[in-house]
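With mmCIF, C-alpha atoms (C1' of nucleotides) inside, this is target18.cif:
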```cif
data_work
#
loop_
_atom_site.label_atom_id
_atom_site.label_comp_id
_atom_site.auth_asym_id
_atom_site.auth_seq_id
_atom_site.Cartn_x
_atom_site.Cartn_y
_atom_site.Cartn_z
CA MET A 15 50.38 113.08 140.11
CA SER A 16 53.49 111.30 141.23
CA SER A 17 52.42 110.84 144.83
CA GLY A 18 55.49 110.70 146.94
CA LYS A 19 56.47 107.08 146.83
CA GLY A 20 56.11 105.67 143.31
CA LYS A 21 55.19 106.66 139.81
CA SER A 22 51.74 107.79 138.90
CA ARG A 23 49.40 105.31 137.35
CA GLU A 24 49.62 107.21 134.12
CA VAL A 25 53.35 106.79 133.99
CA LEU A 26 53.08 103.14 134.88
CA THR A 27 50.65 102.42 132.07
CA SER A 28 52.61 104.32 129.49
CA GLU A 29 55.74 102.48 130.53
CA LEU A 30 53.87 99.26 130.13
CA VAL A 31 52.70 100.14 126.64
CA GLN A 32 56.21 100.99 125.68
CA ALA A 33 57.51 97.74 127.11
CA ALA A 34 54.83 95.83 125.25
CA ARG A 35 55.86 97.36 122.00
CA ARG A 36 59.51 96.67 122.63
CA SER A 37 58.69 93.12 123.53
CA ALA A 38 56.62 92.68 120.39
CA THR A 39 59.39 94.06 118.22
CA MET A 40 61.90 91.72 119.76
CA ALA A 41 59.56 88.81 119.27
CA VAL A 42 59.38 89.64 115.59
CA LEU A 43 63.14 89.90 115.30
CA PHE A 44 63.63 86.71 117.26
CA HIS A 45 61.30 84.69 115.09
CA GLY A 46 62.80 86.31 112.03
CA ALA A 47 66.30 85.35 113.09
CA ILE A 48 65.30 81.74 113.61
CA ALA A 49 63.49 81.63 110.29
CA ALA A 50 66.54 83.09 108.62
CA GLN A 51 68.71 80.37 110.12
CA PHE A 52 66.54 77.79 108.49
CA GLY A 53 66.28 79.68 105.24
CA LEU A 54 62.55 80.08 105.57
CA SER A 55 60.61 82.78 103.77
CA ALA A 56 57.72 84.60 105.41
CA THR A 57 55.25 82.25 103.80
CA ASP A 58 57.20 79.23 104.95
CA THR A 59 57.23 80.51 108.47
CA ARG A 60 53.54 81.21 108.52
CA THR A 61 52.83 77.76 107.24
CA MET A 62 54.93 76.23 109.98
CA GLU A 63 53.02 78.26 112.51
CA LEU A 64 49.80 77.06 111.01
CA LEU A 65 50.84 73.44 111.35
CA ASP A 66 52.05 74.17 114.81
CA ARG A 67 48.78 75.61 115.96
CA LEU A 68 46.21 73.56 114.09
CA GLY A 69 48.04 70.34 113.44
CA PRO A 70 48.35 68.52 110.10
CA GLN A 71 46.73 70.32 107.19
CA SER A 72 46.04 69.36 103.60
CA ALA A 73 47.64 71.20 100.71
CA GLY A 74 44.30 72.75 99.90
CA GLU A 75 43.84 73.99 103.42
CA ILE A 76 47.27 75.53 103.31
CA ALA A 77 46.32 77.19 100.04
CA THR A 78 43.23 78.66 101.64
CA TYR A 79 45.12 79.86 104.66
CA THR A 80 48.03 81.40 102.82
CA GLY A 81 46.00 82.65 99.88
CA LEU A 82 48.41 80.93 97.52
CA ALA A 83 47.55 79.22 94.25
CA PRO A 84 47.64 75.42 94.39
CA THR A 85 50.75 75.45 92.27
CA SER A 86 52.58 77.59 94.75
CA VAL A 87 51.54 75.40 97.64
CA THR A 88 53.12 72.40 96.01
CA ALA A 89 56.36 74.33 95.71
CA LEU A 90 55.97 75.54 99.28
CA ILE A 91 55.61 72.02 100.60
CA ASP A 92 58.58 70.98 98.50
CA ARG A 93 60.69 73.62 100.18
CA LEU A 94 59.66 72.63 103.68
CA GLU A 95 60.10 68.98 102.90
CA ALA A 96 63.57 69.57 101.48
CA ARG A 97 64.51 71.10 104.82
CA ARG A 98 63.07 68.12 106.64
CA LEU A 99 60.60 70.28 108.49
CA VAL A 100 57.48 68.53 107.26
CA ARG A 101 56.43 65.32 105.58
CA ARG A 102 53.74 64.51 103.04
CA THR A 103 51.13 61.96 104.03
CA HIS A 104 47.98 60.77 102.42
CA ASP A 105 44.57 61.06 103.92
CA PRO A 106 43.42 57.44 104.16
CA ASN A 107 39.83 58.53 103.70
CA ASP A 108 40.52 60.58 100.60
CA ARG A 109 43.65 59.57 98.84
CA ARG A 110 43.66 62.61 96.62
CA ARG A 111 44.51 64.76 99.57
CA VAL A 112 48.05 65.35 100.66
CA VAL A 113 48.27 65.96 104.36
CA VAL A 114 51.29 67.83 105.58
CA VAL A 115 52.59 66.96 109.01
CA ARG A 116 55.48 68.38 110.96
CA GLU A 117 58.60 66.31 111.03
CA PRO A 118 59.55 66.25 114.71
CA GLU A 119 63.25 65.60 114.24
CA GLY A 120 63.68 68.29 111.64
CA ALA A 121 61.75 70.76 113.68
CA ALA A 122 63.86 69.98 116.71
CA GLY A 123 66.31 72.68 115.73
CA MET A 124 63.65 75.33 115.76
CA ASN A 125 62.04 73.98 118.87
CA GLY A 126 65.39 74.11 120.54
CA HIS A 127 65.37 77.88 120.36
CA TYR A 128 61.85 78.05 121.65
CA ALA A 129 62.64 75.66 124.44
CA ALA A 130 65.60 77.79 125.44
CA ILE A 131 63.55 80.93 125.70
CA ALA A 132 60.84 79.06 127.58
CA ARG A 133 63.42 77.83 130.06
CA THR A 134 64.79 81.31 130.58
CA THR A 135 61.28 82.61 131.03
CA LEU A 136 60.71 80.11 133.78
CA THR A 137 63.69 81.35 135.71
CA LEU A 138 62.47 84.92 135.32
CA LEU A 139 59.20 83.89 136.82
CA ALA A 140 60.57 82.85 140.17
CA ARG A 141 60.42 86.33 141.57
CA TYR A 142 56.72 86.94 140.97
CA SER A 143 53.88 86.22 143.32
CA GLU A 144 51.05 84.01 142.22
CA ASN A 145 48.80 87.00 141.76
CA GLU A 146 51.37 88.67 139.60
CA LEU A 147 51.72 85.54 137.53
CA ARG A 148 48.00 85.51 136.99
CA ALA A 149 48.02 89.17 136.01
CA ILE A 150 50.82 88.70 133.51
CA THR A 151 49.22 85.66 131.93
CA GLU A 152 45.91 87.41 131.66
CA PHE A 153 47.46 90.43 130.04
CA LEU A 154 49.40 88.37 127.54
CA ASN A 155 46.34 86.42 126.56
CA GLU A 156 44.14 89.44 126.19
CA SER A 157 46.53 91.34 124.04
CA ALA A 158 47.11 88.24 121.95
CA THR A 159 43.39 87.96 121.45
CA TYR A 160 43.24 91.53 120.29
CA ALA A 161 46.10 90.98 117.88
CA GLU A 162 44.34 87.92 116.61
CA SER A 163 41.25 89.87 115.68
CA ALA A 164 43.33 92.65 114.16
CA VAL A 165 45.16 90.15 111.99
CA ALA A 166 41.85 88.65 110.95
CA LYS A 167 40.70 92.07 109.77
CA LEU A 168 43.92 92.89 108.01
CA GLY A 169 44.17 89.53 106.34
CA THR A 170 47.22 87.39 106.40
CA ARG A 171 48.09 87.33 102.76
CA SER A 172 51.47 88.64 101.77
CA ALA A 173 51.78 91.47 99.31
CA ARG A 174 53.52 89.46 96.63
CA THR A 175 50.64 87.05 96.76
CA LEU A 176 48.01 89.69 96.17
CA PRO A 177 45.85 89.52 93.05
CA ALA A 178 49.04 90.73 91.42
CA LYS A 179 47.19 93.10 89.15
CA GLU A 180 46.21 95.65 91.77
CA GLU A 181 49.75 95.39 92.91
CA ARG A 182 51.09 96.09 89.46
CA GLU A 183 49.04 99.23 89.12
CA ARG A 184 50.52 101.14 92.01
CA LYS A 185 53.98 101.03 90.69
CA GLN A 186 56.01 103.91 89.39
CA ARG A 187 59.39 103.91 91.01
CA PRO A 188 61.01 107.36 91.03
CA ARG A 189 64.28 105.50 90.68
CA ALA A 190 66.02 107.81 93.15
CA SER A 191 65.15 110.67 90.82
CA SER A 192 67.71 113.41 90.86
CA ARG A 193 70.03 113.35 93.73
CA ARG A 194 73.06 115.51 93.40
CA ARG A 195 71.40 118.83 92.93
CA ARG A 196 73.61 121.46 94.41
CA GLY A 197 71.72 122.90 97.33
CA GLU A 198 70.39 119.91 99.31
CA MET B 13 51.16 71.27 145.27
CA SER B 14 47.74 72.63 144.37
CA SER B 15 46.85 74.02 147.78
CA GLY B 16 43.13 74.08 148.05
CA LYS B 17 42.14 77.39 146.53
CA GLY B 18 43.80 78.04 143.17
CA LYS B 19 46.14 76.49 140.69
CA SER B 20 49.56 75.39 141.73
CA ARG B 21 52.45 77.65 141.01
CA GLU B 22 53.68 75.13 138.53
CA VAL B 23 50.48 75.34 136.58
CA LEU B 24 50.49 79.10 136.74
CA THR B 25 53.98 79.38 135.34
CA SER B 26 53.37 76.93 132.57
CA GLU B 27 50.22 78.76 131.61
CA LEU B 28 52.21 81.93 131.52
CA VAL B 29 54.85 80.44 129.27
CA GLN B 30 52.16 79.25 126.94
CA ALA B 31 50.51 82.65 126.93
CA ALA B 32 53.84 84.29 126.22
CA ARG B 33 54.39 82.08 123.25
CA ARG B 34 50.93 82.72 121.91
CA SER B 35 51.40 86.41 122.39
CA ALA B 36 54.72 86.32 120.56
CA THR B 37 53.24 84.40 117.67
CA MET B 38 50.42 86.87 117.33
CA ALA B 39 52.87 89.75 117.43
CA VAL B 40 54.71 88.19 114.52
CA LEU B 41 51.53 87.68 112.54
CA PHE B 42 50.35 91.18 113.36
CA HIS B 43 53.53 92.82 112.15
CA GLY B 44 53.53 90.57 109.13
CA ALA B 45 50.01 91.54 108.23
CA ILE B 46 50.83 95.22 108.43
CA ALA B 47 53.97 94.78 106.37
CA ALA B 48 51.95 92.88 103.79
CA GLN B 49 49.47 95.71 103.56
CA PHE B 50 52.27 98.05 102.64
CA GLY B 51 53.87 95.61 100.26
CA LEU B 52 57.05 95.46 102.25
CA SER B 53 59.50 92.61 101.93
CA ALA B 54 61.28 91.19 104.94
CA THR B 55 64.30 93.35 104.30
CA ASP B 56 62.14 96.43 103.92
CA THR B 57 60.46 95.71 107.21
CA ARG B 58 63.69 95.18 109.06
CA THR B 59 65.02 98.42 107.71
CA MET B 60 61.95 100.26 108.91
CA GLU B 61 62.41 98.72 112.32
CA LEU B 62 66.01 99.81 112.31
CA LEU B 63 65.04 103.39 111.56
CA ASP B 64 62.35 103.17 114.16
CA ARG B 65 64.68 102.01 116.89
CA LEU B 66 67.89 103.86 116.14
CA GLY B 67 66.67 106.88 114.25
CA PRO B 68 67.99 108.14 110.90
CA GLN B 69 70.71 106.01 109.36
CA SER B 70 73.00 106.50 106.43
CA ALA B 71 72.87 104.22 103.42
CA GLY B 72 76.16 102.71 104.47
CA GLU B 73 74.90 101.96 107.93
CA ILE B 74 71.87 100.29 106.45
CA ALA B 75 74.17 98.24 104.26
CA THR B 76 76.12 97.11 107.30
CA TYR B 77 73.01 96.28 109.25
CA THR B 78 71.23 94.39 106.51
CA GLY B 79 74.34 92.85 105.05
CA LEU B 80 73.33 94.08 101.61
CA ALA B 81 75.59 95.27 98.82
CA PRO B 82 75.63 99.03 98.24
CA THR B 83 73.75 98.61 95.01
CA SER B 84 70.98 96.77 96.77
CA VAL B 85 70.71 99.39 99.46
CA THR B 86 70.11 102.04 96.86
CA ALA B 87 67.30 99.95 95.44
CA LEU B 88 65.98 99.29 98.93
CA ILE B 89 65.82 102.99 99.73
CA ASP B 90 64.17 103.59 96.37
CA ARG B 91 61.44 101.15 97.28
CA LEU B 92 60.77 102.68 100.66
CA GLU B 93 60.87 106.16 99.23
CA ALA B 94 58.43 105.22 96.49
CA ARG B 95 56.01 104.14 99.19
CA ARG B 96 56.56 107.44 100.99
CA LEU B 97 57.81 105.67 104.08
CA VAL B 98 61.22 107.35 104.19
CA ARG B 99 63.03 110.32 102.74
CA ARG B 100 66.61 110.88 101.66
CA THR B 101 68.50 113.65 103.38
CA HIS B 102 72.09 114.79 103.35
CA ASP B 103 74.33 114.82 106.35
CA PRO B 104 75.28 118.49 106.70
CA ASN B 105 78.65 117.53 108.13
CA ASP B 106 79.48 115.14 105.33
CA ARG B 107 77.45 115.86 102.27
CA ARG B 108 78.46 112.67 100.59
CA ARG B 109 76.38 110.72 103.01
CA VAL B 110 72.75 110.02 102.35
CA VAL B 111 70.79 109.87 105.56
CA VAL B 112 67.49 108.04 105.49
CA VAL B 113 64.76 109.35 107.75
CA ARG B 114 61.26 108.12 108.31
CA GLU B 115 58.55 110.09 106.58
CA PRO B 116 56.02 110.72 109.34
CA GLU B 117 52.99 111.17 107.08
CA GLY B 118 53.71 108.11 105.01
CA ALA B 119 54.34 106.08 108.09
CA ALA B 120 51.09 107.31 109.58
CA GLY B 121 49.29 104.39 108.07
CA MET B 122 51.54 101.96 109.84
CA ASN B 123 51.57 103.98 113.01
CA GLY B 124 47.81 104.02 112.89
CA HIS B 125 47.76 100.30 113.48
CA TYR B 126 50.26 100.56 116.29
CA ALA B 127 48.37 103.43 117.83
CA ALA B 128 45.18 101.41 117.73
CA ILE B 129 46.73 98.50 119.54
CA ALA B 130 48.31 100.83 122.06
CA ARG B 131 44.92 102.39 122.73
CA THR B 132 43.32 99.02 123.22
CA THR B 133 46.11 98.03 125.52
CA LEU B 134 45.45 101.04 127.66
CA THR B 135 41.83 100.06 128.17
CA LEU B 136 42.93 96.55 129.09
CA LEU B 137 45.14 98.02 131.73
CA ALA B 138 42.38 99.64 133.76
CA ARG B 139 41.68 96.52 135.71
CA TYR B 140 45.18 95.99 137.08
CA SER B 141 46.61 97.28 140.30
CA GLU B 142 49.75 99.37 140.27
CA ASN B 143 51.78 96.48 141.53
CA GLU B 144 50.47 94.27 138.78
CA LEU B 145 51.29 96.91 136.21
CA ARG B 146 54.82 97.03 137.52
CA ALA B 147 55.08 93.27 137.37
CA ILE B 148 53.83 93.09 133.81
CA THR B 149 56.14 95.83 132.63
CA GLU B 150 59.09 94.23 134.29
CA PHE B 151 58.34 90.88 132.77
CA LEU B 152 57.92 92.30 129.29
CA ASN B 153 61.17 94.17 129.52
CA GLU B 154 63.14 91.25 130.85
CA SER B 155 61.95 88.85 128.22
CA ALA B 156 62.58 91.45 125.56
CA THR B 157 66.10 91.81 126.83
CA TYR B 158 66.62 88.10 126.62
CA ALA B 159 65.25 88.02 123.09
CA GLU B 160 67.56 90.85 122.22
CA SER B 161 70.61 88.92 123.26
CA ALA B 162 69.37 85.79 121.53
CA VAL B 163 68.90 87.72 118.31
CA ALA B 164 72.37 89.16 118.67
CA LYS B 165 73.77 85.64 118.88
CA LEU B 166 71.71 84.32 115.99
CA GLY B 167 72.43 87.28 113.77
CA THR B 168 69.82 89.25 111.95
CA ARG B 169 70.81 88.57 108.38
CA SER B 170 68.29 86.82 106.22
CA ALA B 171 69.14 83.59 104.50
CA ARG B 172 68.89 85.00 101.03
CA THR B 173 71.38 87.63 101.99
CA LEU B 174 73.96 85.16 103.21
CA PRO B 175 77.32 84.91 101.46
CA ALA B 176 75.23 83.22 98.79
CA LYS B 177 77.85 80.60 98.10
CA GLU B 178 77.55 78.67 101.33
CA GLU B 179 73.86 78.87 100.75
CA ARG B 180 74.16 77.38 97.29
CA GLU B 181 76.02 74.38 98.60
CA ARG B 182 73.29 72.95 100.79
CA LYS B 183 70.77 72.60 98.05
CA GLN B 184 69.35 69.50 96.45
CA ARG B 185 65.61 69.74 96.21
CA PRO B 186 63.82 66.38 95.94
CA ARG B 187 61.23 68.16 93.77
CA ALA B 188 58.33 66.30 95.35
CA SER B 189 59.82 63.10 93.98
CA SER B 190 57.22 60.55 93.06
CA ARG B 191 53.88 61.06 94.56
CA ARG B 192 51.20 58.87 93.13
CA ARG B 193 52.72 55.55 93.89
CA ARG B 194 49.97 53.14 94.61
CA GLY B 195 50.42 52.09 98.19
CA GLU B 196 50.73 55.29 100.30
"C1'" DT C 5 95.80 122.92 96.73
"C1'" DC C 6 95.54 118.74 94.74
"C1'" DA C 7 95.56 113.67 94.71
"C1'" DG C 8 93.40 110.01 96.59
"C1'" DA C 9 89.93 108.00 99.40
"C1'" DT C 10 84.79 107.68 100.56
"C1'" DA C 11 79.81 107.56 99.87
"C1'" DG C 12 76.37 106.73 97.12
"C1'" DT C 13 74.26 106.10 92.51
"C1'" DT C 14 73.74 104.29 87.82
"C1'" DC C 15 73.89 100.72 84.31
"C1'" DG C 16 73.94 96.17 82.46
"C1'" DA C 17 73.99 91.46 82.97
"C1'" DT C 18 72.88 87.59 85.83
"C1'" DT C 19 71.17 84.61 89.42
"C1'" DC C 20 67.75 82.98 92.45
"C1'" DA C 21 63.40 82.28 94.87
"C1'" DT C 22 58.65 82.72 94.74
"C1'" DA C 23 54.37 83.29 92.49
"C1'" DG C 24 50.78 82.30 88.95
"C1'" DG C 25 48.36 79.85 84.72
"C1'" DA C 26 47.41 75.89 81.87
"C1'" DA C 27 47.31 71.29 81.33
"C1'" DT C 28 47.45 66.66 83.48
"C1'" DA C 29 47.08 62.63 86.56
"C1'" DT C 30 44.61 60.54 90.39
"C1'" DT C 31 40.83 59.78 93.16
"C1'" DC C 32 36.14 60.57 94.85
"C1'" DG C 33 31.12 60.58 94.58
"C1'" DT C 34 27.08 59.67 92.34
"C1'" DA D 27 31.28 55.83 83.73
"C1'" DC D 28 31.36 60.76 84.23
"C1'" DG D 29 32.22 65.12 86.33
"C1'" DA D 30 34.25 67.38 90.22
"C1'" DA D 31 37.93 67.82 93.43
"C1'" DT D 32 42.97 67.53 94.63
"C1'" DA D 33 47.48 68.00 93.87
"C1'" DT D 34 51.27 67.92 90.66
"C1'" DT D 35 54.24 69.18 86.62
"C1'" DC D 36 55.79 72.38 83.07
"C1'" DC D 37 56.45 76.92 81.75
"C1'" DT D 38 56.76 81.77 82.45
"C1'" DA D 39 56.92 86.18 84.96
"C1'" DT D 40 58.60 89.16 88.44
"C1'" DG D 41 61.13 91.00 92.36
"C1'" DA D 42 65.15 91.12 95.02
"C1'" DA D 43 69.78 90.59 95.24
"C1'" DT D 44 74.61 90.22 93.26
"C1'" DC D 45 78.74 91.77 90.77
"C1'" DG D 46 81.65 94.79 88.22
"C1'" DA D 47 82.69 98.99 86.44
"C1'" DA D 48 82.06 103.72 85.60
"C1'" DC D 49 80.80 108.12 87.59
"C1'" DT D 50 79.63 112.20 90.73
"C1'" DA D 51 80.12 114.66 94.64
"C1'" DT D 52 82.53 115.34 98.59
"C1'" DC D 53 85.91 115.00 102.17
"C1'" DT D 54 90.88 114.60 103.89
"C1'" DG D 55 95.64 114.63 104.40
"C1'" DA D 56 100.17 115.47 102.62
#
```
File written out as structure tokens:
Amino acid sequence: MSSGKGKSREVLTSELVQAARRSATMAVLFHGAIAAQFGLSATDTRTMELLDRLGPQSAGEIATYTGLAPTSVTALIDRLEARRLVRRTHDPNDRRRVVVVREPEGAAGMNGHYAAIARTTLTLLARYSENELRAITEFLNESATYAESAVAKLGTRSARTLPAKEERERKQRPRASSRRRRGE
Amino acid sequence: MSSGKGKSREVLTSELVQAARRSATMAVLFHGAIAAQFGLSATDTRTMELLDRLGPQSAGEIATYTGLAPTSVTALIDRLEARRLVRRTHDPNDRRRVVVVREPEGAAGMNGHYAAIARTTLTLLARYSENELRAITEFLNESATYAESAVAKLGTRSARTLPAKEERERKQRPRASSRRRRGE
DNA sequence: TCAGATAGTTCGATTCATAGGAATATTCGT
DNA sequence: ACGAATATTCCTATGAATCGAACTATCTGA
């Protein structure tokens, strides 16, 4: 291994895996920091992502996606609407349905952050050859696809939202038990 | 632009940016799904990440990092300990201090997911040349570094944890006002 | 050595956000 | 006109966080 010039392939791949994990962690923190700025909970954030990816959704669809009770979805939409991130509309074909659409102006703040990182990314890209660009894109897409399937298996529902009874079972907090016993 | 053969550089870069965003989103959802499985709140998750990145931390350090009151940190550690994700230890040099360390067995469940994705990543990597591997790694690291600085600017504290008074000011929920008015 | 400072925990009371259930209003489809 | 579907309101429950104050164990400096 380690043939004269560069690092062995093994080293290169393990460095890549490590970099991928670091990058993923930072992505999580980055999104979390933005969400925090807007006072969004995890559910709020996921809903915004949903609207972002799939476009306007009805309250019921949001309920299905988030696993929330209809009641909670109403409150959820209230929260987002209060922050001017979305707007309620009515489906002209079925006026019972409330369709939630993103409010572009309100979302501008969030998009600003994303735009900034996109701009920076573009400058980073100058140094790569076209083949390298292709390789990077391909890698990003493939790992995203894997993550997508993993998320599908795990389910997206948050713990607090779980059936709530199963959750209640597994609960016996030791309450920090007995600290302060002499010998560590 | 668009010289015969492939896509123009412009197209390639914009595809890459899009892929990066998708990848980041999936990373967020992936981490969120795992956290949900373990019934971890946002604060819990961030604390785990902290321990993961910087190693064992004292309760006070966790308080500083999360911006939580000492009381809340005790409760936080209780929660994590109840789920067997961390363990309390004493600093031998200052036995007042409670040092929180990750519990490897308890964390195995979480690590299992990460290990799985790492394994999959490795198989994805077979098809790339060494130069491409280097390019991908470099890109991941650079964008992570940017995200890192962005997070530092934004601050990591969650909205609920904010001074709590400023937060209370900006609050007048329309409470879904009056839906159900006849004409849309 | 001893007084004061530190680190963390406990307790009680309180606030707040988010979630769920039951009942209700509106609209759709037949 | 009736039953189902859709979303809302009202009410309640729970978890997470706060504060203040008391307390324990430990360290530090005069």
> If the PyMOL selection byres ((chain C and resi 17-21) around 9) is run on the structure shown, which residues does it catch, given as number ranges by chain?
Replying inline: B: 172; C: 16, 22; D: 42-45
> Which residues of chain C are close to chain A, meaning at most 12 Å apart when you count only C-alpha atoms (C1' of nucleotides), and how do they look as a PyMOL selection string?
Replying inline: chain C and resi 12-14+21-26+29-33
>> Translate the PyMOL selection byres ((chain D) within 12 of (chain A)) into a concrete residue list for this structure, as JSON, numbers by chain.
In response: {"D": [31, 32, 33, 34, 35, 36, 39, 40, 41, 42, 50, 51, 52]}
> From the list B:Ala156, B:Ile129, B:Met60, B:Ala164, which residue is nearest chain A when using all atoms listed in the file?
Replying inline: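 Comparing B:Ala156, B:Ile129, B:Met60, B:Ala164 against chain A, the winner is B:Ala156.
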>> Set the distance at 12 Å and use all atoms listed in the file: which residues neighbour DC6 of chain C once local chain neighbours fewer than 3 positions away are removed? I'd like the list as a ChimeraX atom specification.
In response: /D:54-56
> Need the neighbours of (54.8, 92.0, 139.0): which residues are at most 9 Å away, counting only C-alpha atoms (C1' of nucleotides), as a list in words?
Replying inline: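 Residues lying no farther than 9 Å from the given point: Arg141, Tyr142, Ser143, Asn145, Glu146, Leu147, Ala149 and Ile150 of chain A; Asn143, Glu144, Leu145, Arg146, Ala147, Ile148, Thr149, Glu150 and Phe151 of chain B.
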> What separation in Å, quoted to one decimal, exists between atom CA of Val113 of chain A and atom C1' of DA30 of chain D?
Replying inline: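 That distance, rounded to one decimal, is 20.0 Å.
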> With distances taken over all atoms listed in the file, which of B:Ala138, B:Val98, B:Leu62, B:Ile89 is nearest to Glu117 of chain B?
Replying inline: B:Val98
>> With 7 Å as the limit and counting all atoms listed in the file, what residues in chain B lie close to chain A? Please list them as a ChimeraX atom specification.
In response: /B:21,24-25,27-29,31-32,34-36,38-42,45,48-49,51,90,94,102,130,133-134,142,144-149,152-153,155-156,159-160,163,166-171,185-188,196
>> Let me make sure I understand: among A:Asp66, A:Glu75, A:Asp58, A:Glu117, which one has the smallest atom-to-atom distance to Leu99 of chain A if we use all atoms listed in the file?
In response: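 Among the listed residues, the smallest separation from Leu99 of chain A belongs to A:Glu117.
Going from atom CA of Val113 of chain B to atom CA of Pro68 of chain B covers 4.7 Å.
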Expected axis-aligned box over every listed atom of segment 37-47 of chain D, 5 Å added per side, centre plus edges in Å to one decimal, as lines of an AutoDock Vina configuration file:
```
center_x = 69.6
center_y = 88.0
center_z = 88.5
size_x = 36.2
size_y = 32.1
size_z = 23.5
```
